[in-house]
Structures are given as structure tokens and as C-alpha cells.
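What follows is the content of protein10.cif (mmCIF, C-alpha atoms; chains and numbers go by the auth columns).
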```cif
data_my_file
loop_
_atom_site.group_PDB
_atom_site.id
_atom_site.type_symbol
_atom_site.label_atom_id
_atom_site.label_comp_id
_atom_site.label_asym_id
_atom_site.label_seq_id
_atom_site.Cartn_x
_atom_site.Cartn_y
_atom_site.Cartn_z
_atom_site.B_iso_or_equiv
_atom_site.auth_seq_id
_atom_site.auth_asym_id
ATOM 1 C CA MET A 1 -49.251 -38.356 -65.121 0.00 1 A
ATOM 2 C CA PRO A 2 -47.955 -35.522 -67.354 0.00 2 A
ATOM 3 C CA ALA A 3 -44.779 -36.239 -69.308 0.00 3 A
ATOM 4 C CA SER A 4 -42.977 -33.462 -67.426 0.00 4 A
ATOM 5 C CA PHE A 5 -43.094 -35.427 -64.188 0.00 5 A
ATOM 6 C CA PRO A 6 -39.821 -37.193 -63.323 0.00 6 A
ATOM 7 C CA ARG A 7 -40.714 -40.869 -63.588 0.00 7 A
ATOM 8 C CA LEU A 8 -39.432 -43.796 -61.560 0.00 8 A
ATOM 9 C CA ARG A 9 -37.422 -46.363 -63.471 0.00 9 A
ATOM 10 C CA ASP A 10 -37.366 -49.993 -62.400 0.00 10 A
ATOM 11 C CA HIS A 11 -34.200 -51.057 -60.535 0.00 11 A
ATOM 12 C CA LEU A 12 -33.655 -54.672 -59.541 0.00 12 A
ATOM 13 C CA LEU A 13 -29.885 -54.862 -59.071 0.00 13 A
ATOM 14 C CA ASP A 14 -29.166 -51.789 -56.930 0.00 14 A
ATOM 15 C CA PRO A 15 -26.864 -52.848 -54.030 0.00 15 A
ATOM 16 C CA SER A 16 -28.825 -50.643 -51.600 0.00 16 A
ATOM 17 C CA GLY A 17 -32.065 -52.300 -52.681 0.00 17 A
ATOM 18 C CA GLY A 18 -33.133 -54.852 -55.233 0.00 18 A
ATOM 19 C CA LEU A 19 -32.132 -58.492 -55.065 0.00 19 A
ATOM 20 C CA VAL A 20 -29.116 -57.851 -52.824 0.00 20 A
ATOM 21 C CA TYR A 21 -31.227 -56.102 -50.227 0.00 21 A
ATOM 22 C CA HIS A 22 -33.954 -58.774 -50.283 0.00 22 A
ATOM 23 C CA LEU A 23 -31.322 -61.422 -49.581 0.00 23 A
ATOM 24 C CA ARG A 24 -29.824 -59.354 -46.770 0.00 24 A
ATOM 25 C CA ALA A 25 -33.224 -58.786 -45.213 0.00 25 A
ATOM 26 C CA ARG A 26 -33.814 -62.525 -44.988 0.00 26 A
ATOM 27 C CA LEU A 27 -30.337 -63.478 -43.778 0.00 27 A
ATOM 28 C CA GLN A 28 -30.015 -60.604 -41.296 0.00 28 A
ATOM 29 C CA ARG A 29 -33.541 -60.769 -39.840 0.00 29 A
ATOM 30 C CA GLY A 30 -32.337 -61.602 -36.338 0.00 30 A
ATOM 31 C CA ARG A 31 -29.581 -58.964 -36.311 0.00 31 A
ATOM 32 C CA TRP A 32 -31.970 -56.325 -37.624 0.00 32 A
ATOM 33 C CA ALA A 33 -34.670 -57.047 -35.013 0.00 33 A
ATOM 34 C CA ALA A 34 -33.580 -54.322 -32.555 0.00 34 A
ATOM 35 C CA PHE A 35 -33.396 -51.721 -35.323 0.00 35 A
ATOM 36 C CA HIS A 36 -36.813 -52.713 -36.651 0.00 36 A
ATOM 37 C CA ALA A 37 -38.193 -52.421 -33.105 0.00 37 A
ATOM 38 C CA ALA A 38 -36.844 -48.856 -32.934 0.00 38 A
ATOM 39 C CA VAL A 39 -38.502 -48.001 -36.255 0.00 39 A
ATOM 40 C CA ALA A 40 -41.782 -49.477 -35.004 0.00 40 A
ATOM 41 C CA SER A 41 -41.564 -47.291 -31.892 0.00 41 A
ATOM 42 C CA TRP A 42 -40.888 -44.165 -33.966 0.00 42 A
ATOM 43 C CA LEU A 43 -43.815 -44.869 -36.274 0.00 43 A
ATOM 44 C CA ASP A 44 -46.136 -45.641 -33.368 0.00 44 A
ATOM 45 C CA THR A 45 -45.281 -42.252 -31.849 0.00 45 A
ATOM 46 C CA TRP A 46 -45.794 -40.474 -35.174 0.00 46 A
ATOM 47 C CA GLN A 47 -49.471 -39.568 -34.984 0.00 47 A
ATOM 48 C CA VAL A 48 -50.705 -37.407 -37.873 0.00 48 A
ATOM 49 C CA VAL A 49 -54.087 -35.981 -38.803 0.00 49 A
ATOM 50 C CA GLU A 50 -53.768 -36.816 -42.506 0.00 50 A
ATOM 51 C CA GLN A 51 -55.605 -39.950 -43.614 0.00 51 A
ATOM 52 C CA GLU A 52 -53.504 -40.335 -46.773 0.00 52 A
ATOM 53 C CA LEU A 53 -49.844 -41.353 -46.664 0.00 53 A
ATOM 54 C CA VAL A 54 -47.170 -41.445 -49.350 0.00 54 A
ATOM 55 C CA ILE A 55 -44.192 -43.688 -48.558 0.00 55 A
ATOM 56 C CA VAL A 56 -41.038 -42.894 -50.510 0.00 56 A
ATOM 57 C CA GLY A 57 -38.674 -45.853 -50.942 0.00 57 A
ATOM 58 C CA PRO A 58 -40.378 -48.452 -48.705 0.00 58 A
ATOM 59 C CA ASN A 59 -38.769 -51.439 -50.463 0.00 59 A
ATOM 60 C CA ALA A 60 -40.838 -54.468 -49.400 0.00 60 A
ATOM 61 C CA GLY A 61 -41.700 -52.865 -46.059 0.00 61 A
ATOM 62 C CA TYR A 62 -39.279 -54.992 -44.038 0.00 62 A
ATOM 63 C CA ALA A 63 -38.925 -52.243 -41.410 0.00 63 A
ATOM 64 C CA LEU A 64 -42.600 -51.259 -41.355 0.00 64 A
ATOM 65 C CA PRO A 65 -44.430 -52.919 -38.443 0.00 65 A
ATOM 66 C CA ASP A 66 -47.493 -55.075 -39.040 0.00 66 A
ATOM 67 C CA GLY A 67 -50.626 -52.996 -39.201 0.00 67 A
ATOM 68 C CA PHE A 68 -48.900 -49.695 -39.944 0.00 68 A
ATOM 69 C CA LEU A 69 -50.348 -49.363 -43.452 0.00 69 A
ATOM 70 C CA GLY A 70 -53.813 -49.962 -42.041 0.00 70 A
ATOM 71 C CA ARG A 71 -53.662 -46.722 -40.043 0.00 71 A
ATOM 72 C CA PHE A 72 -54.424 -44.739 -43.213 0.00 72 A
ATOM 73 C CA ASP A 73 -57.406 -44.624 -45.529 0.00 73 A
ATOM 74 C CA GLY A 74 -55.114 -44.397 -48.541 0.00 74 A
ATOM 75 C CA ILE A 75 -51.483 -45.420 -49.061 0.00 75 A
ATOM 76 C CA PHE A 76 -49.297 -44.584 -52.071 0.00 76 A
ATOM 77 C CA ALA A 77 -45.807 -46.054 -52.441 0.00 77 A
ATOM 78 C CA LEU A 78 -43.027 -44.690 -54.646 0.00 78 A
ATOM 79 C CA GLU A 79 -40.759 -47.714 -55.075 0.00 79 A
ATOM 80 C CA PRO A 80 -38.468 -48.499 -58.061 0.00 80 A
ATOM 81 C CA ASP A 81 -37.942 -52.201 -57.265 0.00 81 A
ATOM 82 C CA PRO A 82 -40.621 -54.329 -58.998 0.00 82 A
ATOM 83 C CA LEU A 83 -40.039 -57.301 -56.685 0.00 83 A
ATOM 84 C CA ALA A 84 -40.359 -55.042 -53.641 0.00 84 A
ATOM 85 C CA ARG A 85 -43.629 -53.666 -55.003 0.00 85 A
ATOM 86 C CA ARG A 86 -45.007 -57.177 -55.350 0.00 86 A
ATOM 87 C CA LEU A 87 -43.945 -58.175 -51.834 0.00 87 A
ATOM 88 C CA LEU A 88 -45.258 -54.948 -50.310 0.00 88 A
ATOM 89 C CA ALA A 89 -48.638 -55.421 -51.991 0.00 89 A
ATOM 90 C CA ARG A 90 -48.938 -58.890 -50.424 0.00 90 A
ATOM 91 C CA ARG A 91 -48.920 -57.524 -46.849 0.00 91 A
ATOM 92 C CA ARG A 92 -52.131 -58.082 -44.915 0.00 92 A
ATOM 93 C CA ASP A 93 -52.401 -54.382 -44.057 0.00 93 A
ATOM 94 C CA ALA A 94 -51.922 -53.244 -47.695 0.00 94 A
ATOM 95 C CA THR A 95 -55.617 -53.268 -48.590 0.00 95 A
ATOM 96 C CA THR A 96 -55.602 -49.606 -49.668 0.00 96 A
ATOM 97 C CA LEU A 97 -52.069 -49.596 -51.130 0.00 97 A
ATOM 98 C CA ARG A 98 -51.459 -48.134 -54.568 0.00 98 A
ATOM 99 C CA PHE A 99 -48.223 -47.414 -56.436 0.00 99 A
ATOM 100 C CA ASP A 100 -47.234 -44.229 -58.240 0.00 100 A
ATOM 101 C CA ARG A 101 -44.450 -43.652 -60.787 0.00 101 A
ATOM 102 C CA LEU A 102 -43.352 -40.202 -59.606 0.00 102 A
ATOM 103 C CA ASP A 103 -39.594 -40.009 -58.946 0.00 103 A
ATOM 104 C CA CYS A 104 -39.458 -37.223 -56.375 0.00 104 A
ATOM 105 C CA LEU A 105 -35.762 -37.671 -55.514 0.00 105 A
ATOM 106 C CA ARG A 106 -34.047 -37.382 -58.905 0.00 106 A
ATOM 107 C CA THR A 107 -34.556 -33.708 -59.790 0.00 107 A
ATOM 108 C CA PRO A 108 -34.230 -30.468 -57.779 0.00 108 A
ATOM 109 C CA ASP A 109 -37.986 -29.853 -58.086 0.00 109 A
ATOM 110 C CA GLY A 110 -38.963 -33.451 -57.303 0.00 110 A
ATOM 111 C CA LEU A 111 -40.267 -32.644 -53.825 0.00 111 A
ATOM 112 C CA ALA A 112 -42.338 -29.822 -55.285 0.00 112 A
ATOM 113 C CA TRP A 113 -43.911 -32.342 -57.655 0.00 113 A
ATOM 114 C CA LEU A 114 -44.531 -34.613 -54.651 0.00 114 A
ATOM 115 C CA ALA A 115 -46.347 -31.881 -52.737 0.00 115 A
ATOM 116 C CA ALA A 116 -48.441 -30.923 -55.759 0.00 116 A
ATOM 117 C CA ARG A 117 -49.387 -34.467 -56.772 0.00 117 A
ATOM 118 C CA PHE A 118 -50.504 -35.427 -53.245 0.00 118 A
ATOM 119 C CA PRO A 119 -51.962 -32.218 -51.773 0.00 119 A
ATOM 120 C CA HIS A 120 -53.680 -33.904 -48.806 0.00 120 A
ATOM 121 C CA ALA A 121 -51.082 -36.523 -47.839 0.00 121 A
ATOM 122 C CA ALA A 122 -48.431 -36.906 -45.196 0.00 122 A
ATOM 123 C CA PHE A 123 -45.058 -38.199 -46.412 0.00 123 A
ATOM 124 C CA LEU A 124 -42.765 -40.876 -44.992 0.00 124 A
ATOM 125 C CA PHE A 125 -39.228 -41.174 -46.381 0.00 125 A
ATOM 126 C CA SER A 126 -38.409 -44.786 -45.565 0.00 126 A
ATOM 127 C CA ASN A 127 -34.638 -45.032 -45.052 0.00 127 A
ATOM 128 C CA VAL A 128 -33.985 -43.564 -48.479 0.00 128 A
ATOM 129 C CA LEU A 129 -32.596 -40.010 -48.169 0.00 129 A
ATOM 130 C CA GLY A 130 -29.289 -41.198 -46.714 0.00 130 A
ATOM 131 C CA GLN A 131 -28.810 -43.576 -49.625 0.00 131 A
ATOM 132 C CA ILE A 132 -29.451 -41.102 -52.451 0.00 132 A
ATOM 133 C CA SER A 133 -27.536 -37.854 -52.891 0.00 133 A
ATOM 134 C CA ALA A 134 -29.621 -34.703 -53.139 0.00 134 A
ATOM 135 C CA PRO A 135 -29.938 -33.548 -56.780 0.00 135 A
ATOM 136 C CA ALA A 136 -29.061 -29.983 -55.740 0.00 136 A
ATOM 137 C CA GLY A 137 -27.718 -28.596 -52.484 0.00 137 A
ATOM 138 C CA ASP A 138 -28.749 -30.907 -49.658 0.00 138 A
ATOM 139 C CA TRP A 139 -31.899 -32.697 -48.521 0.00 139 A
ATOM 140 C CA SER A 140 -32.449 -30.388 -45.544 0.00 140 A
ATOM 141 C CA THR A 141 -32.643 -27.356 -47.824 0.00 141 A
ATOM 142 C CA LEU A 142 -34.918 -29.077 -50.331 0.00 142 A
ATOM 143 C CA LEU A 143 -37.279 -30.285 -47.607 0.00 143 A
ATOM 144 C CA ARG A 144 -37.517 -26.839 -46.032 0.00 144 A
ATOM 145 C CA HIS A 145 -38.128 -25.227 -49.402 0.00 145 A
ATOM 146 C CA HIS A 146 -40.694 -27.628 -50.870 0.00 146 A
ATOM 147 C CA LEU A 147 -42.391 -29.296 -47.869 0.00 147 A
ATOM 148 C CA ALA A 148 -42.360 -26.511 -45.271 0.00 148 A
ATOM 149 C CA GLY A 149 -46.133 -26.511 -44.924 0.00 149 A
ATOM 150 C CA ARG A 150 -46.585 -30.277 -45.026 0.00 150 A
ATOM 151 C CA THR A 151 -46.436 -33.172 -42.585 0.00 151 A
ATOM 152 C CA TRP A 152 -43.495 -35.468 -43.210 0.00 152 A
ATOM 153 C CA ALA A 153 -41.110 -37.800 -41.409 0.00 153 A
ATOM 154 C CA SER A 154 -37.917 -39.573 -42.340 0.00 154 A
ATOM 155 C CA TYR A 155 -35.618 -42.202 -41.009 0.00 155 A
ATOM 156 C CA HIS A 156 -32.301 -42.238 -42.839 0.00 156 A
ATOM 157 C CA ASP A 157 -28.629 -43.211 -42.669 0.00 157 A
ATOM 158 C CA VAL A 158 -26.468 -40.539 -41.040 0.00 158 A
ATOM 159 C CA ILE A 159 -23.101 -42.329 -41.137 0.00 159 A
ATOM 160 C CA SER A 160 -21.762 -45.786 -41.855 0.00 160 A
ATOM 161 C CA THR A 161 -18.681 -47.354 -40.305 0.00 161 A
ATOM 162 C CA LEU A 162 -16.912 -50.655 -39.728 0.00 162 A
ATOM 163 C CA ALA A 163 -16.590 -49.943 -35.987 0.00 163 A
ATOM 164 C CA THR A 164 -18.948 -51.829 -33.670 0.00 164 A
ATOM 165 C CA PRO A 165 -20.895 -49.436 -31.410 0.00 165 A
ATOM 166 C CA GLY A 166 -20.418 -49.727 -27.683 0.00 166 A
ATOM 167 C CA CYS A 167 -23.985 -48.481 -27.041 0.00 167 A
ATOM 168 C CA ARG A 168 -26.625 -50.127 -29.228 0.00 168 A
ATOM 169 C CA ASP A 169 -29.855 -48.872 -27.653 0.00 169 A
ATOM 170 C CA ALA A 170 -32.033 -46.383 -29.495 0.00 170 A
ATOM 171 C CA LEU A 171 -31.754 -42.873 -28.048 0.00 171 A
ATOM 172 C CA THR A 172 -33.556 -39.582 -28.477 0.00 172 A
ATOM 173 C CA ILE A 173 -31.732 -36.246 -28.188 0.00 173 A
ATOM 174 C CA MET A 174 -33.994 -33.312 -27.499 0.00 174 A
ATOM 175 C CA GLU A 175 -31.864 -30.499 -28.935 0.00 175 A
ATOM 176 C CA ALA A 176 -29.355 -30.181 -31.759 0.00 176 A
ATOM 177 C CA GLU A 177 -25.756 -31.118 -31.003 0.00 177 A
ATOM 178 C CA SER A 178 -22.649 -31.790 -33.102 0.00 178 A
ATOM 179 C CA LEU A 179 -22.268 -34.968 -35.108 0.00 179 A
ATOM 180 C CA GLU A 180 -19.165 -35.801 -33.086 0.00 180 A
ATOM 181 C CA THR A 181 -21.110 -35.563 -29.827 0.00 181 A
ATOM 182 C CA THR A 182 -23.938 -37.722 -31.137 0.00 182 A
ATOM 183 C CA LEU A 183 -21.551 -40.399 -32.390 0.00 183 A
ATOM 184 C CA ALA A 184 -19.817 -40.396 -29.001 0.00 184 A
ATOM 185 C CA ARG A 185 -23.046 -41.605 -27.411 0.00 185 A
ATOM 186 C CA PHE A 186 -22.884 -44.798 -29.472 0.00 186 A
ATOM 187 C CA TRP A 187 -19.116 -45.254 -29.915 0.00 187 A
ATOM 188 C CA PRO A 188 -17.764 -44.067 -26.521 0.00 188 A
ATOM 189 C CA GLY A 189 -14.017 -43.608 -26.364 0.00 189 A
ATOM 190 C CA GLN A 190 -13.528 -44.796 -29.949 0.00 190 A
ATOM 191 C CA ALA A 191 -11.778 -43.055 -32.847 0.00 191 A
ATOM 192 C CA LEU A 192 -14.056 -43.539 -35.839 0.00 192 A
ATOM 193 C CA THR A 193 -13.585 -43.633 -39.581 0.00 193 A
ATOM 194 C CA VAL A 194 -17.008 -42.955 -41.087 0.00 194 A
ATOM 195 C CA THR A 195 -18.809 -42.333 -44.344 0.00 195 A
ATOM 196 C CA ASP A 196 -20.973 -39.243 -43.879 0.00 196 A
ATOM 197 C CA HIS A 197 -24.335 -39.561 -45.659 0.00 197 A
ATOM 198 C CA ALA A 198 -25.043 -35.802 -45.407 0.00 198 A
ATOM 199 C CA THR A 199 -28.379 -36.145 -43.618 0.00 199 A
ATOM 200 C CA PHE A 200 -27.522 -35.181 -40.023 0.00 200 A
ATOM 201 C CA HIS A 201 -30.266 -33.089 -38.355 0.00 201 A
ATOM 202 C CA LEU A 202 -32.363 -33.417 -41.478 0.00 202 A
ATOM 203 C CA GLY A 203 -35.473 -31.992 -39.893 0.00 203 A
ATOM 204 C CA GLY A 204 -34.151 -28.870 -38.219 0.00 204 A
ATOM 205 C CA THR A 205 -34.153 -28.258 -34.467 0.00 205 A
ATOM 206 C CA GLY A 206 -35.152 -31.604 -32.936 0.00 206 A
ATOM 207 C CA PRO A 207 -35.887 -33.812 -31.175 0.00 207 A
ATOM 208 C CA PHE A 208 -33.719 -36.323 -33.038 0.00 208 A
ATOM 209 C CA ALA A 209 -33.943 -40.081 -32.483 0.00 209 A
ATOM 210 C CA TYR A 210 -31.181 -42.547 -33.369 0.00 210 A
ATOM 211 C CA ALA A 211 -30.655 -46.294 -33.613 0.00 211 A
ATOM 212 C CA PRO A 212 -27.620 -48.323 -34.769 0.00 212 A
ATOM 213 C CA TRP A 213 -28.267 -50.726 -37.649 0.00 213 A
ATOM 214 C CA PRO A 214 -25.934 -53.710 -38.300 0.00 214 A
ATOM 215 C CA ILE A 215 -26.637 -53.735 -42.019 0.00 215 A
ATOM 216 C CA ALA A 216 -24.251 -56.513 -43.110 0.00 216 A
ATOM 217 C CA GLY A 217 -21.036 -58.120 -41.919 0.00 217 A
ATOM 218 C CA ALA A 218 -18.976 -55.643 -39.910 0.00 218 A
ATOM 219 C CA ARG A 219 -20.702 -52.567 -41.339 0.00 219 A
ATOM 220 C CA TRP A 220 -22.918 -50.488 -39.074 0.00 220 A
ATOM 221 C CA HIS A 221 -25.115 -47.530 -39.927 0.00 221 A
ATOM 222 C CA LEU A 222 -26.441 -44.922 -37.522 0.00 222 A
ATOM 223 C CA VAL A 223 -30.026 -44.116 -38.510 0.00 223 A
ATOM 224 C CA GLU A 224 -31.745 -40.868 -37.542 0.00 224 A
ATOM 225 C CA TRP A 225 -35.480 -40.231 -37.191 0.00 225 A
ATOM 226 C CA VAL A 226 -37.029 -36.782 -37.562 0.00 226 A
ATOM 227 C CA ALA A 227 -40.667 -35.729 -37.867 0.00 227 A
ATOM 228 C CA HIS A 228 -42.105 -32.456 -39.128 0.00 228 A
ATOM 229 C CA ARG A 229 -45.704 -31.345 -38.797 0.00 229 A
ATOM 230 C CA ALA A 230 -47.456 -28.759 -40.885 0.00 230 A
ATOM 231 C CA GLN A 231 -47.230 -26.416 -37.886 0.00 231 A
ATOM 232 C CA ASP A 232 -43.408 -26.715 -37.951 0.00 232 A
ATOM 233 C CA GLN A 233 -43.439 -28.653 -34.678 0.00 233 A
ATOM 234 C CA ALA A 234 -41.414 -31.848 -34.334 0.00 234 A
ATOM 235 C CA GLN A 235 -42.908 -34.834 -32.561 0.00 235 A
ATOM 236 C CA VAL A 236 -41.601 -35.385 -29.023 0.00 236 A
ATOM 237 C CA LEU A 237 -40.468 -38.973 -28.481 0.00 237 A
ATOM 238 C CA THR A 238 -38.676 -40.384 -25.421 0.00 238 A
ATOM 239 C CA ARG A 239 -36.091 -38.455 -23.434 0.00 239 A
ATOM 240 C CA LEU A 240 -32.409 -39.305 -23.515 0.00 240 A
ATOM 241 C CA PRO A 241 -31.344 -41.273 -20.405 0.00 241 A
ATOM 242 C CA ASP A 242 -29.155 -39.440 -17.910 0.00 242 A
ATOM 243 C CA ASP A 243 -26.456 -42.124 -18.161 0.00 243 A
ATOM 244 C CA ALA A 244 -25.508 -41.296 -21.759 0.00 244 A
ATOM 245 C CA CYS A 245 -22.268 -42.769 -23.077 0.00 245 A
ATOM 246 C CA PRO A 246 -18.971 -40.861 -22.642 0.00 246 A
ATOM 247 C CA SER A 247 -17.121 -39.112 -25.436 0.00 247 A
ATOM 248 C CA ALA A 248 -15.388 -40.424 -28.523 0.00 248 A
ATOM 249 C CA THR A 249 -13.157 -38.932 -31.227 0.00 249 A
ATOM 250 C CA LEU A 250 -14.375 -38.627 -34.818 0.00 250 A
ATOM 251 C CA ARG A 251 -11.872 -38.579 -37.624 0.00 251 A
#
```

As C-alpha cells, what does this structure read like?
Amino acid sequence: MPASFPRLRDHLLDPSGGLVYHLRARLQRGRWAAFHAAVASWLDTWQVVEQELVIVGPNAGYALPDGFLGRFDGIFALEPDPLARRLLARRRDATTLRFDRLDCLRTPDGLAWLAARFPHAAFLFSNVLGQISAPAGDWSTLLRHHLAGRTWASYHDVISTLATPGCRDALTIMEAESLETTLARFWPGQALTVTDHATFHLGGTGPFAYAPWPIAGARWHLVEWVAHRAQDQAQVLTRLPDDACPSATLR
């Protein structure tokens, strides 16, 4: 790899990954089961023509369903955690897995480097864009600018809060709506104090899928899924039930 490429550095003590995250993943396995089932459903629906996949930030693949890596002829992972890399490589479906040292999230042109280095691949951002601030502007702008003609998908944190959601089922919303309206579907009638991760409607016009994630203790995240094909068409998932939750107030 040329020296001009932004290179991944090893991180083992990052609270959003590393040793802390590995411990959480083991202790919270039961509480995370519904969220992992939602991710499995999203990935099962995401059918792409590309036979090569690059996964950005997969950690050890805790949320990736068994067999998912085997869908592709070639898999590259961009992962800074050395322990996660070792665990990911031990999966039964990781027979074609390779690791790359490109850091595509640290510099404003990182996604351009990603597109150039893997010209025939689809890209999966594995719950990473809501945990890392965009190096310039916002992730939506960078994705539109650098990956407009490519197939990619992302699931990512939209908000985090200490309020327990009243509706915990995964939902899909077919058209764009306000953040307040979306949160009201999961926290009906509740006034919320949230941390905004600046990733809402990351993919554009929809559909948008969501699932609550009880990450640790009393803290909940709302995770969004979006998919973008090279033809600028989002994947259609399941329709939102008619009995959606009533409204809430965001503050």
C-alpha cells in the first residue's frame, strides 16, 4: 500500500471497541439477541451482485450472522482491534477473509481511497459511522460524494439515551421523516434526553430500518440501517406496521 494511504493503527483499549467491547459482548449476549436478529434480517435482505465485500469496523463479527461471510468470494475487513481480527478470522465462514490496513474513516478523502483500492467490491459499514465523527462535514455528504456509484450499506447508531424504549421491535419506515417522529415510534409519550450521533437518514431517501440496542446497563442506542445500490436505489425491506407507536417529545 502506498505511503500516502491513511493507515489503520491498532487500538485495544477503545471503550467503543477493544477489550471493553469484547467483555460487553459476552456479558450482554442475551440482551443483545433481539438486536442481532434484526441485523441478521437486514443482511439477509441485502442482496448484491458484487462477489467481493469490504467490511469496515466489523470488530469480531458479533452481530454478523453465521454464514454471512460465506456469501462472498472474497472478504476484506478493515478493523483496528488486533484481538477482534483474530476472533473474526476464527469464524467458520471466514475462509476467504483477508485484512487490509486502509483507514478510510480518518481523513476527508478516506472513502475515495476505499473506492479506489477496492474497485469491484460492495461495502458494509458495520455499526461504525455513528461511533466515529466524520473528518469533514458529515458522513452523508462524504458517502454521496465518494461512493455515489457504488453499492454500500450501513447500520449505525443514530442516538443514545438512558430512557428505556416502550417499543422494542425493529421497524422499517418507507419514507423520510423527522428524527422526533422516528423516536416517538420507540419512546411513545416520553420526553427524551439524547446524544445525537449525526447519522440520521444516512443513506438519503429511504427506506430506513431501525432497531433499539440495549448496549450496557441503562443505556440504549437506536440503530439505523440503510442500503445503497450502484443504481441509487435503496433496498426495500419490510413495511412499517399500521399500529405504530404514538408520539413523544424530544428535548

*If you apply the PyMOL selection byres ((chain A and resi 42) around 12) to this file, what residues do you get, as an NGL selection string?*
:A and (35-41 or 43-47 or 63-65 or 68 or 124 or 126 or 153-155 or 170-172 or 207-211 or 223-227 or 235-238)

I'd like the contact shell of Asp103 in chain A - 6 Å cut-off, only C-alpha atoms, skipping same-chain residues fewer than 5 positions apart - returned as a PDB file with C-alpha atoms, in the frame of the given file.
```pdb
ATOM      1  CA  PRO A   6     -39.821 -37.193 -63.323  1.00  0.00           C
ATOM      2  CA  ARG A   7     -40.714 -40.869 -63.588  1.00  0.00           C
ATOM      3  CA  LEU A   8     -39.432 -43.796 -61.560  1.00  0.00           C
TER       4      LEU A   8
END
```

*For range 139-144 of chain A: contacts at 7 Å, only C-alpha atoms, fewer than 4 positions along chain excluded, given as a list in words*: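 After dropping sequence-adjacent residues, the list is Ala134, Ala148, Thr199, Leu202 and Gly203 of chain A.
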
For Ala176 in chain A, list every protein, DNA or RNA residue within 10 Å, evaluated using only C-alpha atoms, and leave out those in the same chain fewer than 6 positions away; present the list as a PDB file with C-alpha atoms, in the frame of the given file.
```
ATOM      1  CA  THR A 182     -23.938 -37.722 -31.137  1.00  0.00           C
ATOM      2  CA  PHE A 200     -27.522 -35.181 -40.023  1.00  0.00           C
ATOM      3  CA  HIS A 201     -30.266 -33.089 -38.355  1.00  0.00           C
ATOM      4  CA  GLY A 204     -34.151 -28.870 -38.219  1.00  0.00           C
ATOM      5  CA  THR A 205     -34.153 -28.258 -34.467  1.00  0.00           C
ATOM      6  CA  GLY A 206     -35.152 -31.604 -32.936  1.00  0.00           C
ATOM      7  CA  PRO A 207     -35.887 -33.812 -31.175  1.00  0.00           C
ATOM      8  CA  PHE A 208     -33.719 -36.323 -33.038  1.00  0.00           C
TER       9      PHE A 208
END
```

*Point out the residue among A:Trp213, A:Phe76, A:Phe123, A:Trp220 with the least atom-to-atom distance to Ala34 in chain A, counting all atoms listed in the file.*
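Residue with the minimum atom-to-atom distance to Ala34 in chain A: A:Trp213.
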
*Find the distance between CA of Ala89 in chain A and CA of Arg106 in chain A and write it in Å to one decimal.*
24.2 Å

*asked:* I'd like the neighbourhood of Ile159 in chain A as number ranges by chain, where a residue qualifies if any of its atoms comes within 8 Å (using only C-alpha atoms), though same-chain residues fewer than 5 positions away should be ignored.
replied: A: 194-197, 221-223
